[in-house]
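I have placed the structure first, in the form of structure tokens, so that the comments after it can refer back to it.
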Amino acid sequence: MAGTIVIKNGYVYDPLNEVNGEQQDIFIKDGVVVSELSAADMKDAKIIDATGKTVMPGGVDSHTHIAGAKVNTGRMMRPEDSYKTTRTKTAITHSGSGETVPSVYMEGYEYSKLGYTTAFEAAVPPMEARHTHEEMRSIPMLDMGGYLVLGNNWFMMRYLKEGDMDKAAAYVAWMMKTHKTYGIKCVNPGGVENWGWGENVSSLDEQNIHFEISSREIIDGLTEVNEMLGMPMSMHLHANNLGHPGNYKTTKDSLGISSKTKAKQNMSVNWAETKIDASRDQSVYLTHMMFNAFAGTSWRDFESGVKPLADYINNADHVVIDSGCVPFGEATCMTGDGPSIHDLSVLTGGKWSNTDVELECGSGVCPFTYLKSNPVHSTQWAMGLECLLLIDDPWKTIMTTDSPNGGPFTKYPLVMSWLMSEKFREQTFSECHKWANDRSTLGGVDREMSLYDLAILTRANTAKTIGMAHRKGSFGIGADGDVTIYDIDPTKIDTREYSDLINKFSTAEYTIKGGEVVCHDGEITMIPDKRTYYTDASVPDANEKEMLKDVQEWFRYYSHGFNHYPTPEKYLVNPTAIKANMEQ
Ligand SMILES: [Zn+2]
């Protein structure tokens, strides 16, 4: 029977159900987790013996860059990326290539090889939504969604400046539906708009050009609108001053802005049964913390500022972060933060691409190589791991490389192994520039994460943070039947033998999606169905009407017509709207 499977006797890690390595059977029927199978179902079910293996829910990536205009620009800027890493065509798969910015097919296959079944594109410019959806629909193996970039949007800044929260909320709700996107992304608020004039903003209270609104007001307003609408995920913040020494202070102050707004996630969905409340607690989700945690005043006295930020987050309950780890080697930096990529390209003298998206946002792309011999890069490696190891509560953290900014997602196994093995960290310190040890606190950290912690950082908490834990990130009854089986016997782990961990995490023995084995020992065995999620937030009709009058009037500033603006549902594979309910 399609989508019906039993995974027997594995060591199960399901943090949302507080299952910590107990030997259990997982039953999936018609693609969904169930408590048991009838004798008749058992006869037809596929059975996998997972004795002596690690079983986790399918991986969920809550922040990655794999689809859209800037990703494609990255591909064009890096022909050298494609001849070194390739995948051969099979009877059911396309060929593919690319290391830091793989082709769309390769992205899906490589995520599946790692045990991932879900990935969210972290930055969708509204005007580029069609392109982003075209790529998302071509990426096999993964359920997906995308976050809409709104921190420098003209309408947003205008409404927030006017203090018209009803229109601001109506605009966000309409934009999510129009572009079939999932959550609010806020990138260098105010600064990217200033970049259109060759400027940036460097402090939270500086008013930007023309709109005369400060970053603080934008962060505050977007947080409030997000919670007014009951959105699945909180406002997703890429703070100001990214990549500049000393920026950790700006980051800390930025996080403080959202502390007064209570999380009010309110979705009409069926929730999988979980022991722990799977709804989100946070009102701000800070991305790639490492890039926003620089201390010092210049590259000469540069050092990690993770410790003071982690201290703040340890005492704050409204924040979740993802790390943005640096696993060394090739990367392609790409972000909606145009000015930060300009600064990077000046620093490296490398290739640089910049785009200004009319009325909405911008972006930049710059190929980059992180070297162990480089003092700053080595410190960044240590900082990424500090982000995850210095914050005590794993439910406040998510493991990412901000792929491909810190490095491609295919290097997640290295990050997982550094988190689990102090010995591996010591080994890497010995190969690095000494700044890694001298300018961070990582050397003094003896914490080693468990498989349970990793299941939180890569499954349970990623799903919870973005409002997908109603069906992803757990084995709760009613959850999607997505499973990763690693050939790791938790009773025999020796964290000093870290190369074994790296190998095992690099190729899941089985990746199961919707109850079907889709990847076995790195070989794609089936191309499963996939879904694209977006948020359908409701606001009073009158508010939407009033707001649309403004939008249509201001559309004269766009170079194309209003009717061409929306992304029709036909651009999406299995479009799945998540209804968010506004507080009345
Ligand atoms: Zn990112």
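Identifiers in the structure tokens: chain A, B, ... in order shown; residue index from 1 per chain; ligand index from 1 in order shown.
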
(request) Give the residue list for ligand 1 at 10 Å, counting only C-alpha atoms and all ligand atoms, as a list in words, sorted by chain and then by residue number. (result)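 So, counting only C-alpha atoms and all ligand atoms, the residues near ligand 1 are Ser62, His63, Thr64, His65, Glu121, Ala122, Ala123, Lys185, Val187, Leu237, His238, Thr287, His288, Asp322, Gly324, Cys333, Met334, Thr335, Gly336, Asp337, Thr400, Thr401, Asp402, Ser403, Pro404, Asn405 and Gly406 of chain A.
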
(request) For A:Glu134, work out the shell of residues within 10 Å, counting only C-alpha atoms and skipping chain neighbours fewer than 5 positions away, then give it as a ChimeraX atom specification. (result) /A:67-68,129,139,570-573

(request) Go through A:Asn72, A:Gly338, A:Trp395, A:Asn270 one by one, measure the shortest atom-to-atom distance of each to A:Trp197 using only C-alpha atoms, and give the residue with the smallest value. (result) A:Gly338

(message) I'd like the contact shell of A:Ala455 - 8 Å cut-off, only C-alpha atoms, skipping same-chain residues fewer than 4 positions apart - returned as a PyMOL selection string.
(response) chain A and resi 13-15+56-57+451+459-460

(message) So the first atom is atom CA of A:Leu344 and the second is atom CA of A:Leu242; what is the distance between them in Å, to one decimal place?
(response)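 We find that atom CA of A:Leu344 and atom CA of A:Leu242 lie 10.4 Å from each other.
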
Determine, using only C-alpha atoms, which residues of stretch 57-87 of chain A have any atom at most 12 Å from an atom of stretch 504-525 of chain A, and tabulate each with its shortest atom pair and distance in Å to one decimal place, rows ordered by chain and then rising number, as JSON lines.
{"residue": "A:Pro57", "atom": "CA", "partner": "A:Ile512", "partner_atom": "CA", "distance": 9.1}
{"residue": "A:Gly58", "atom": "CA", "partner": "A:Thr511", "partner_atom": "CA", "distance": 7.2}
{"residue": "A:Gly59", "atom": "CA", "partner": "A:Thr511", "partner_atom": "CA", "distance": 9.3}
{"residue": "A:Val60", "atom": "CA", "partner": "A:Lys513", "partner_atom": "CA", "distance": 11.9}
{"residue": "A:Arg87", "atom": "CA", "partner": "A:Glu523", "partner_atom": "CA", "distance": 10.7}

(message) Considering only C-alpha atoms, can you say which of A:Val357, A:Ala2, A:Leu454, A:Ile578 comes closest to A:Ser559?
(response)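 Closest residue, counting only C-alpha atoms: A:Val357.
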